[in-house]
$ cat run.cif   # mmCIF, C-alpha atoms and all ligand atoms
data_input
loop_
_atom_site.label_atom_id
_atom_site.label_comp_id
_atom_site.auth_asym_id
_atom_site.auth_seq_id
_atom_site.Cartn_x
_atom_site.Cartn_y
_atom_site.Cartn_z
CA MET A 1 12.33 -2.62 3.10
CA ALA A 2 10.45 -2.32 -0.19
CA THR A 3 11.33 0.32 -2.76
CA ILE A 4 8.52 2.86 -3.08
CA GLY A 5 8.29 4.27 -6.60
CA THR A 6 5.98 5.40 -9.37
CA SER A 7 7.30 3.25 -12.23
CA ILE A 8 4.52 1.23 -13.87
CA GLU A 9 7.26 -0.41 -15.97
CA THR A 10 9.13 -1.67 -12.88
CA ALA A 11 5.92 -2.97 -11.30
CA ALA A 12 4.89 -4.70 -14.54
CA SER A 13 8.30 -6.36 -15.03
CA LEU A 14 8.30 -7.69 -11.48
CA LEU A 15 4.76 -9.04 -11.83
CA LEU A 16 5.55 -10.71 -15.16
CA ALA A 17 8.67 -12.24 -13.60
CA GLY A 18 6.48 -13.93 -10.96
CA GLU A 19 6.98 -11.47 -8.10
CA VAL A 20 4.42 -9.80 -5.85
CA VAL A 21 4.04 -6.01 -5.92
CA ALA A 22 1.89 -3.64 -3.87
CA ILE A 23 -0.34 -1.57 -6.14
CA PRO A 24 -2.61 1.44 -5.66
CA THR A 25 -6.33 1.11 -6.28
CA GLU A 26 -9.11 3.62 -5.64
CA THR A 27 -10.35 1.52 -2.68
CA VAL A 28 -7.22 0.41 -0.81
CA TYR A 29 -3.72 -0.72 -1.83
CA GLY A 30 -3.57 -4.32 -3.06
CA LEU A 31 -0.86 -6.97 -2.93
CA ALA A 32 -0.74 -8.09 -6.56
CA ALA A 33 0.31 -11.24 -8.39
CA VAL A 34 -0.56 -12.43 -11.90
CA ILE A 35 -3.15 -15.18 -11.56
CA HIS A 36 -1.13 -17.75 -13.50
CA SER A 37 2.00 -17.52 -11.40
CA GLU A 38 1.47 -20.15 -8.73
CA GLY A 39 4.61 -19.11 -6.86
CA ALA A 40 3.56 -15.47 -6.72
CA ILE A 41 0.01 -16.32 -5.61
CA ARG A 42 1.43 -18.51 -2.83
CA LYS A 43 3.67 -15.63 -1.84
CA VAL A 44 0.66 -13.29 -1.58
CA PHE A 45 -0.86 -15.61 1.03
CA SER A 46 2.39 -16.05 2.93
CA VAL A 47 3.30 -12.32 2.97
CA LYS A 48 -0.13 -11.50 4.43
CA ASN A 49 -0.12 -14.54 6.70
CA ARG A 50 -3.50 -15.28 5.18
CA PRO A 51 -5.11 -18.73 5.09
CA PHE A 52 -5.57 -20.30 1.64
CA THR A 53 -9.25 -20.70 2.52
CA ASP A 54 -9.73 -16.96 1.98
CA PRO A 55 -10.06 -16.46 -1.80
CA LEU A 56 -8.61 -13.53 -3.78
CA ILE A 57 -10.33 -10.94 -5.96
CA VAL A 58 -9.23 -10.93 -9.61
CA HIS A 59 -8.64 -7.51 -11.17
CA VAL A 60 -9.05 -6.94 -14.91
CA LYS A 61 -8.67 -3.94 -17.21
CA ASP A 62 -12.12 -3.92 -18.82
CA ILE A 63 -15.39 -5.81 -19.24
CA GLU A 64 -14.11 -7.80 -22.23
CA ALA A 65 -11.28 -9.22 -20.12
CA ILE A 66 -13.85 -10.87 -17.82
CA ARG A 67 -15.20 -13.19 -20.51
CA PRO A 68 -12.36 -15.80 -20.57
CA LEU A 69 -12.44 -16.06 -16.76
CA VAL A 70 -16.10 -17.06 -16.50
CA THR A 71 -18.38 -19.78 -17.84
CA ASP A 72 -21.43 -17.54 -17.77
CA PHE A 73 -21.85 -13.77 -17.98
CA PRO A 74 -25.46 -13.23 -16.83
CA PRO A 75 -27.15 -10.12 -18.27
CA LEU A 76 -27.54 -8.67 -14.77
CA ALA A 77 -23.81 -9.06 -14.13
CA ARG A 78 -23.09 -7.20 -17.35
CA LYS A 79 -25.48 -4.41 -16.38
CA LEU A 80 -23.87 -4.17 -12.96
CA MET A 81 -20.41 -3.97 -14.48
CA GLU A 82 -21.55 -1.37 -16.99
CA ALA A 83 -23.13 0.72 -14.24
CA PHE A 84 -20.33 0.62 -11.66
CA SER A 85 -17.09 -0.27 -13.44
CA PRO A 86 -14.41 0.78 -13.44
CA GLY A 87 -15.01 1.34 -9.75
CA PRO A 88 -15.35 -0.15 -6.27
CA LEU A 89 -17.70 -3.05 -7.11
CA THR A 90 -16.75 -6.74 -7.11
CA VAL A 91 -19.10 -9.31 -8.65
CA LEU A 92 -19.01 -13.10 -8.21
CA PHE A 93 -19.10 -15.16 -11.43
CA PRO A 94 -19.00 -18.91 -12.17
CA LYS A 95 -15.30 -19.43 -12.83
CA SER A 96 -13.72 -20.96 -15.92
CA GLU A 97 -10.61 -23.17 -16.06
CA GLU A 98 -8.58 -20.03 -16.74
CA VAL A 99 -8.73 -19.15 -13.04
CA PRO A 100 -6.45 -21.38 -10.93
CA ASP A 101 -8.15 -23.08 -7.96
CA LEU A 102 -5.54 -21.58 -5.65
CA VAL A 103 -7.03 -18.12 -6.32
CA THR A 104 -10.59 -19.09 -5.32
CA ASN A 105 -9.87 -21.80 -2.74
CA SER A 106 -11.41 -24.24 -5.25
CA SER A 107 -14.72 -22.38 -5.13
CA PRO A 108 -16.68 -22.58 -8.39
CA LEU A 109 -17.11 -18.81 -8.10
CA VAL A 110 -14.54 -16.13 -8.83
CA ALA A 111 -14.74 -12.54 -7.56
CA ILE A 112 -13.86 -10.00 -10.27
CA ARG A 113 -13.53 -6.23 -10.32
CA ILE A 114 -12.28 -3.45 -12.60
CA PRO A 115 -10.48 -0.82 -10.53
CA ARG A 116 -10.68 2.81 -11.60
CA HIS A 117 -7.38 4.15 -10.22
CA PRO A 118 -5.60 5.40 -13.38
CA VAL A 119 -2.20 3.97 -12.32
CA CYS A 120 -3.78 0.60 -11.59
CA LEU A 121 -5.62 0.56 -14.92
CA ALA A 122 -2.43 1.50 -16.77
CA LEU A 123 -0.60 -1.31 -14.99
CA LEU A 124 -3.33 -3.85 -15.83
CA LYS A 125 -3.11 -2.82 -19.50
CA ARG A 126 0.67 -3.05 -19.50
CA VAL A 127 0.73 -6.46 -17.79
CA GLY A 128 -1.99 -7.76 -20.09
CA VAL A 129 -3.13 -10.58 -17.81
CA PRO A 130 -5.49 -10.62 -14.82
CA ILE A 131 -4.06 -9.79 -11.42
CA ALA A 132 -5.19 -11.23 -8.10
CA ALA A 133 -4.92 -8.76 -5.23
CA PRO A 134 -6.09 -8.81 -1.64
CA SER A 135 -5.64 -5.70 0.46
CA ALA A 136 -1.92 -5.19 1.14
CA ASN A 137 -2.06 -5.50 4.94
CA PRO A 138 -1.20 -8.33 7.32
CA PHE A 139 -4.30 -10.58 7.64
CA GLY A 140 -6.87 -9.10 10.03
CA GLY A 141 -5.17 -5.69 10.23
CA ILE A 142 -6.13 -2.23 8.99
CA SER A 143 -6.20 -1.92 5.19
CA PRO A 144 -3.62 0.43 3.61
CA THR A 145 -4.71 3.58 1.81
CA LYS A 146 -1.19 5.05 1.40
CA ALA A 147 2.13 3.58 0.26
CA ASN A 148 3.65 4.13 3.69
CA HIS A 149 0.92 2.02 5.34
CA VAL A 150 2.02 -0.86 3.09
CA GLN A 151 5.66 -0.22 3.93
CA THR A 152 4.94 -0.37 7.67
CA GLY A 153 2.81 -3.51 7.41
CA ILE A 154 4.59 -5.77 4.91
CA GLY A 155 7.42 -3.68 3.39
CA ASP A 156 10.10 -6.08 4.63
CA LYS A 157 8.58 -8.94 2.60
CA ILE A 158 8.02 -7.42 -0.85
CA PRO A 159 10.31 -5.82 -3.44
CA TYR A 160 8.24 -2.88 -4.69
CA ILE A 161 5.35 -0.60 -3.75
CA LEU A 162 3.83 1.29 -6.69
CA ASP A 163 2.85 4.64 -5.22
CA GLY A 164 -0.42 6.09 -6.53
CA GLY A 165 -1.07 8.56 -3.71
CA GLN A 166 -3.89 8.26 -1.20
CA SER A 167 -6.70 5.89 -2.21
CA GLU A 168 -9.64 8.02 -3.24
CA VAL A 169 -12.47 5.85 -1.86
CA GLY A 170 -10.68 4.49 1.20
CA LEU A 171 -12.97 1.49 1.75
CA GLU A 172 -12.72 -1.89 0.01
CA SER A 173 -15.02 -2.70 -2.87
CA THR A 174 -18.61 -3.76 -2.28
CA ILE A 175 -18.92 -7.49 -3.09
CA VAL A 176 -22.17 -8.73 -4.63
CA GLN A 177 -23.46 -12.09 -5.72
CA ILE A 178 -26.34 -12.62 -8.13
CA LEU A 179 -28.82 -15.15 -6.75
CA ALA A 180 -31.60 -17.04 -8.51
CA GLY A 181 -34.34 -14.67 -9.63
CA ASP A 182 -31.79 -11.93 -10.20
CA LYS A 183 -31.64 -10.96 -6.55
CA LEU A 184 -28.52 -9.09 -5.57
CA LYS A 185 -26.90 -10.24 -2.36
CA VAL A 186 -24.35 -7.95 -0.76
CA LEU A 187 -21.55 -10.07 0.74
CA ARG A 188 -19.43 -7.15 1.91
CA LYS A 189 -20.41 -3.50 2.35
CA GLY A 190 -17.94 -1.18 0.66
CA GLY A 191 -17.28 1.70 -1.69
CA ILE A 192 -20.63 1.39 -3.53
CA SER A 193 -23.41 2.13 -1.06
CA GLU A 194 -26.53 0.04 -0.62
CA GLU A 195 -28.60 3.04 -1.70
CA GLU A 196 -26.72 3.14 -5.04
CA LEU A 197 -27.27 -0.59 -5.54
CA GLN A 198 -30.94 -0.24 -4.63
CA LEU A 199 -31.36 2.56 -7.14
CA PHE A 200 -29.63 0.44 -9.78
CA ALA A 201 -31.91 -2.54 -8.99
CA GLU A 202 -34.98 -0.33 -9.37
CA LEU A 203 -33.71 1.20 -12.63
CA VAL A 204 -33.11 -2.18 -14.25
CA GLY A 205 -36.39 -3.52 -12.82
CA GLU A 206 -34.81 -6.30 -10.81
CA GLU A 207 -35.63 -7.70 -7.41
CA LYS A 208 -34.74 -5.75 -4.36
CA VAL A 209 -31.22 -5.95 -3.02
CA THR A 210 -30.99 -8.44 -0.18
CA LYS A 211 -28.55 -8.02 2.63
CA GLU A 212 -27.04 -10.92 4.48
CA PHE A 213 -24.13 -9.77 6.53
CA SER A 214 -24.88 -11.81 9.61
CA GLU A 215 -23.22 -15.02 8.43
CA PRO A 216 -19.47 -14.89 7.78
CA VAL A 217 -19.99 -15.41 4.05
CA VAL A 218 -16.63 -13.95 3.17
CA PRO A 219 -13.66 -13.81 5.51
CA GLY A 220 -13.63 -10.00 5.23
CA SER A 221 -16.97 -10.18 7.03
CA MET A 222 -15.54 -12.16 9.91
CA LEU A 223 -16.03 -10.44 13.21
CA SER A 224 -12.54 -9.35 14.14
CA HIS A 225 -11.03 -7.67 11.09
CA TYR A 226 -9.66 -4.29 10.03
CA ALA A 227 -8.32 -4.13 13.59
CA PRO A 228 -5.72 -1.77 15.05
CA THR A 229 -3.35 -3.25 17.62
CA LYS A 230 -4.87 -0.99 20.32
CA PRO A 231 -8.33 -1.86 21.66
CA LEU A 232 -11.07 0.21 20.00
CA HIS A 233 -14.35 1.06 21.74
CA PHE A 234 -17.30 3.17 20.72
CA PHE A 235 -18.13 6.39 22.54
CA SER A 236 -20.37 6.24 25.55
CA GLU A 237 -20.80 8.92 28.17
CA GLN A 238 -19.25 6.58 30.71
CA ARG A 239 -16.23 5.71 28.58
CA ILE A 240 -15.49 9.32 27.72
CA LYS A 241 -15.74 10.29 31.40
CA ASN A 242 -13.56 7.42 32.59
CA SER A 243 -10.85 7.50 29.90
CA PRO A 244 -7.51 9.13 30.74
CA PRO A 245 -7.20 12.00 28.17
CA ASP A 246 -3.43 11.58 27.73
CA SER A 247 -3.53 7.91 26.86
CA THR A 248 -6.67 7.82 24.72
CA GLY A 249 -6.88 8.28 20.96
CA ILE A 250 -10.14 9.66 19.54
CA LEU A 251 -11.72 9.00 16.13
CA CYS A 252 -14.48 11.51 15.47
CA PHE A 253 -16.66 12.55 12.54
CA ARG A 254 -17.13 16.38 12.49
CA GLU A 255 -16.09 17.75 15.82
CA PHE A 256 -13.25 17.17 18.25
CA VAL A 257 -14.17 15.90 21.70
CA PRO A 258 -13.55 18.52 24.40
CA GLY A 259 -11.19 17.52 27.20
CA PHE A 260 -8.85 15.36 25.05
CA PRO A 261 -5.67 16.72 23.45
CA GLN A 262 -6.29 17.44 19.76
CA GLN A 263 -3.04 15.80 18.70
CA HIS A 264 -4.56 12.53 19.92
CA GLN A 265 -7.72 13.05 17.88
CA ARG A 266 -8.45 12.37 14.22
CA ARG A 267 -11.46 14.08 12.68
CA LEU A 268 -12.68 12.39 9.49
CA SER A 269 -14.75 15.18 7.94
CA PRO A 270 -15.33 18.60 9.54
CA LYS A 271 -18.06 19.28 6.98
CA GLY A 272 -19.85 16.02 7.77
CA ASP A 273 -19.30 14.37 4.38
CA LEU A 274 -19.37 10.56 4.60
CA VAL A 275 -17.43 10.16 1.33
CA GLU A 276 -14.61 12.27 2.77
CA ALA A 277 -14.87 10.38 6.08
CA ALA A 278 -14.51 7.03 4.27
CA ARG A 279 -11.42 8.28 2.42
CA ASN A 280 -9.76 9.26 5.71
CA LEU A 281 -10.91 6.34 7.88
CA PHE A 282 -8.06 3.82 7.56
CA ASP A 283 -5.36 6.52 7.50
CA ALA A 284 -6.76 7.90 10.76
CA LEU A 285 -6.83 4.42 12.30
CA HIS A 286 -3.21 3.79 11.22
CA GLU A 287 -2.19 7.12 12.80
CA LEU A 288 -4.13 6.58 16.02
CA ASP A 289 -2.62 3.12 16.33
CA GLU A 290 0.86 4.65 16.23
CA LEU A 291 0.22 7.26 18.93
CA PRO A 292 1.46 6.61 22.47
CA VAL A 293 -2.06 5.79 23.66
CA GLY A 294 -3.49 2.67 25.25
CA GLN A 295 -6.91 2.68 23.60
CA ILE A 296 -8.93 4.26 20.81
CA LEU A 297 -12.44 5.63 21.30
CA SER A 298 -14.58 6.04 18.19
CA GLU A 299 -17.73 7.93 17.42
CA ARG A 300 -20.53 5.93 15.78
CA PHE A 301 -21.18 6.95 12.18
CA PRO A 302 -24.63 7.55 10.66
CA GLU A 303 -26.02 4.39 9.05
CA GLN A 304 -26.58 5.91 5.62
CA GLY A 305 -24.60 5.93 2.38
CA LEU A 306 -20.94 5.06 3.01
CA GLY A 307 -21.61 5.50 6.74
CA LYS A 308 -22.86 1.90 6.82
CA ALA A 309 -19.57 0.52 5.51
CA ILE A 310 -17.58 2.83 7.83
CA GLN A 311 -19.61 1.65 10.81
CA ASP A 312 -19.17 -1.98 9.65
CA ARG A 313 -15.35 -1.63 9.59
CA LEU A 314 -15.30 0.11 12.98
CA TYR A 315 -17.54 -2.51 14.53
CA ARG A 316 -15.20 -5.28 13.32
CA ALA A 317 -12.19 -3.27 14.51
CA SER A 318 -13.83 -3.13 17.96
CA GLN A 319 -14.14 -6.91 18.23
CA LYS A 320 -11.50 -8.80 20.16
CA ARG A 321 -9.20 -10.94 18.06
CA THR A 322 -9.61 -14.63 18.72
O1 LIG A 401 -11.34 -3.11 -2.86
C1 LIG A 401 -10.97 -4.28 -2.84
O2 LIG A 401 -11.75 -5.21 -3.06
C2 LIG A 401 -9.50 -4.54 -2.48
C3 LIG A 401 -8.62 -3.98 -3.60
C4 LIG A 401 -7.17 -4.31 -3.43
O3 LIG A 401 -9.11 -4.41 -4.83
N1 LIG A 401 -9.28 -5.94 -2.29
C5 LIG A 401 -9.72 -6.59 -1.20
O4 LIG A 401 -9.33 -7.91 -1.13
O5 LIG A 401 -10.38 -6.07 -0.31
P1 LIG A 401 -9.37 -8.77 0.21
O6 LIG A 401 -8.74 -10.05 -0.17
O7 LIG A 401 -8.79 -8.01 1.31
O8 LIG A 401 -10.89 -9.01 0.43
C6 LIG A 401 -11.58 -9.74 -0.54
C7 LIG A 401 -12.76 -10.45 0.03
C8 LIG A 401 -12.33 -11.52 1.01
O9 LIG A 401 -13.10 -11.39 2.19
C9 LIG A 401 -12.66 -12.80 0.27
O10 LIG A 401 -13.07 -13.81 1.11
C10 LIG A 401 -13.77 -12.37 -0.68
O11 LIG A 401 -13.43 -11.08 -1.04
N2 LIG A 401 -13.75 -13.23 -1.89
C11 LIG A 401 -12.80 -13.27 -2.83
N3 LIG A 401 -13.09 -14.22 -3.75
C12 LIG A 401 -14.24 -14.78 -3.36
C13 LIG A 401 -15.04 -15.83 -3.88
N4 LIG A 401 -14.70 -16.50 -4.98
N5 LIG A 401 -16.18 -16.14 -3.21
C14 LIG A 401 -16.54 -15.47 -2.09
N6 LIG A 401 -15.80 -14.48 -1.54
C15 LIG A 401 -14.68 -14.13 -2.17
MG MG A 402 -8.59 -7.29 3.21
#
$ encode --input "run.cif" --output "structure tokens" --more "lines below"
Ligand code: TXA
Ligand code: MG
Amino acid sequence: MATIGTSIETAASLLLAGEVVAIPTETVYGLAAVIHSEGAIRKVFSVKNRPFTDPLIVHVKDIEAIRPLVTDFPPLARKLMEAFSPGPLTVLFPKSEEVPDLVTNSSPLVAIRIPRHPVCLALLKRVGVPIAAPSANPFGGISPTKANHVQTGIGDKIPYILDGGQSEVGLESTIVQILAGDKLKVLRKGGISEEELQLFAELVGEEKVTKEFSEPVVPGSMLSHYAPTKPLHFFSEQRIKNSPPDSTGILCFREFVPGFPQQHQRRLSPKGDLVEAARNLFDALHELDELPVGQILSERFPEQGLGKAIQDRLYRASQKRT
């Protein structure tokens, strides 16, 4: 199994020696490799069992570190980065030669973000080069928000997990692309809500934010994703009535569901706070998946703020794997 520790020095030495290391970020834990180490990047894909066609997000320490990785830094991209970074926003840029094709699946675009987790930022500064990092879970599974989730999922394949505590946001970054006419297209809902992006667009006087989630533009938006091993269904009167209480796990928002044992229920936010619910979502799914139950029933979350990204992850978790 991997060593779990808090040494930035150990993580940095391993990365610089061409190893992969699991790292904390404010969204979810990532499986990191320096972008120029071809062997380490290949290992990232193989550890996750992820196809090379699914490109990786590049993480940098600050806005200046983006410049060498891109051939153009449009003013709107700079404003976006200034508004939301460091933080859970990823922006697509035209990539320069500095970014190996392996990282982007030969796409002319590279996805870049500046994480705000202090341990992650300190590591990026110490390593001094950009780091590619997908979420540190087996491909298609539930993303990790704690070091032990990483250990359970891929711990037997990596040397070190840098422990930064529970991820504060709990949902992956929002991914946006800037289209002609300075339209913002959201490719993946995430830790920055659509309302925040809309407000930003209005403040800088740009076009409205467009949303195009229907097509599988990025593999993270493929239908079956973020999935527990147990089948997950949304609440319906019928399902609640017909589900055996002892072999059903329940994911709920504010209130437990009467008639089901509470030790089989995970409540995301008793006070009804969607930010708190997002933080607890993946941890609750990991825990429910480990209970001796045959299925998980989930409440539907309100489609506002982070509720939209929560509902998006749960919907994908409810889809059958193909
Ligand atoms: O919050 C996050 O973004 C986390 C943490 C670790 O930073 N990372 C993450 O990575 O969620 P991953 O690989 O699990 O999801 C990244 C998504 C994938 O669906 C990928 O297809 C998309 O970003 N992506 C990456 N580079 C891209 C590119 N050049 N063009 C289009 N989509 C891209
Ligand atoms: Mg992922």
$ atom_distance --input "run.cif" --atom1 "CA of Ala12 in chain A" --atom2 "atom C3 of ligand LIG 401 (chain A)"
17.4 Å
$ residues_near_ligand --input "run.cif" --ligand "ligand LIG 401 (chain A)" --cutoff "6 Å" --atoms "only C-alpha atoms and all ligand atoms" --output "PyMOL selection string"
chain A and resi 27-30+54-57+104+107+109-111+133-135+172-173+218-220
$ closest_residue --input "run.cif" --among "A:Pro292, A:Gly141, A:Pro244, A:Gly191" --to "ligand MG 402 (chain A)" --atoms "all atoms listed in the file"
A:Gly141
$ closest_residue --input "run.cif" --among "A:Asp156, A:Glu196, A:Glu9, A:Asp62" --to "Arg126 in chain A" --atoms "all atoms listed in the file"
A:Glu9
$ residues_around --input "run.cif" --residues "range 303-307 of chain A" --least-positions-apart "2" --cutoff "8 Å" --atoms "all atoms listed in the file" --output "list in words"
Gly190, Gly191, Ile192, Ser193, Glu194, Glu195, Leu274, Val275, Ala278, Phe301, Ala309, Ile310 and Gln311 of chain A
$ atom_distance --input "run.cif" --atom1 "CA of Glu98 in chain A" --atom2 "CA of Leu179 in chain A"
23.1 Å
$ residues_around --input "run.cif" --residues "range 142-151 of chain A" --least-positions-apart "3" --cutoff "6 Å" --atoms "only C-alpha atoms" --output "PDB file with C-alpha atoms, in the frame of the given file"
ATOM      1  CA  VAL A  28      -7.220   0.410  -0.810  1.00  0.00           C
ATOM      2  CA  TYR A  29      -3.720  -0.720  -1.830  1.00  0.00           C
ATOM      3  CA  ASN A 137      -2.060  -5.500   4.940  1.00  0.00           C
ATOM      4  CA  ILE A 154       4.590  -5.770   4.910  1.00  0.00           C
ATOM      5  CA  GLY A 155       7.420  -3.680   3.390  1.00  0.00           C
ATOM      6  CA  ASP A 163       2.850   4.640  -5.220  1.00  0.00           C
ATOM      7  CA  GLN A 166      -3.890   8.260  -1.200  1.00  0.00           C
ATOM      8  CA  SER A 167      -6.700   5.890  -2.210  1.00  0.00           C
ATOM      9  CA  TYR A 226      -9.660  -4.290  10.030  1.00  0.00           C
ATOM     10  CA  ALA A 227      -8.320  -4.130  13.590  1.00  0.00           C
TER      11      ALA A 227
END
$ residues_around --input "run.cif" --residues "Thr248 in chain A" --least-positions-apart "6" --cutoff "6 Å" --atoms "only C-alpha atoms" --output "number ranges by chain"
A: 293, 295-296
$ atom_distance --input "run.cif" --atom1 "CA of Thr25 in chain A" --atom2 "CA of Leu268 in chain A"
20.4 Å
$ residues_near_point --input "run.cif" --point "(-7.7, 3.9, 14.2)" --cutoff "10 Å" --atoms "all atoms listed in the file" --output "ChimeraX atom specification"
/A:142,226-232,249-251,265-266,281-291,295-298,314,317
$ closest_residue --input "run.cif" --among "A:Lys320, A:Arg300, A:Arg313, A:Lys241" --to "ligand MG 402 (chain A)" --atoms "all atoms listed in the file"
A:Arg313
$ closest_residue --input "run.cif" --among "A:Phe253, A:Phe73, A:Phe52, A:Tyr315" --to "Ser96 in chain A" --atoms "all atoms listed in the file"
A:Phe73
$ axis_aligned_box --input "run.cif" --around "range 1-11 of chain A" --padding-each-side "8 Å" --output "lines of an AutoDock Vina configuration file"
center_x = 8.4
center_y = 1.2
center_z = -6.4
size_x = 23.8
size_y = 24.4
size_z = 35.1
$ closest_residue --input "run.cif" --among "A:Ala277, A:Leu31, A:Ile112, A:Ala17" --to "ligand MG 402 (chain A)" --atoms "all atoms listed in the file"
A:Leu31
$ residues_around --input "run.cif" --residues "Pro75 in chain A" --least-positions-apart "6" --cutoff "12 Å" --atoms "all atoms listed in the file" --output "PyMOL selection string"
chain A and resi 81-82+93+178+182+204+206
$ closest_residue --input "run.cif" --among "A:Gly128, A:Pro138, A:Gly39, A:Pro24" --to "ligand MG 402 (chain A)" --atoms "only C-alpha atoms and all ligand atoms"
A:Pro138
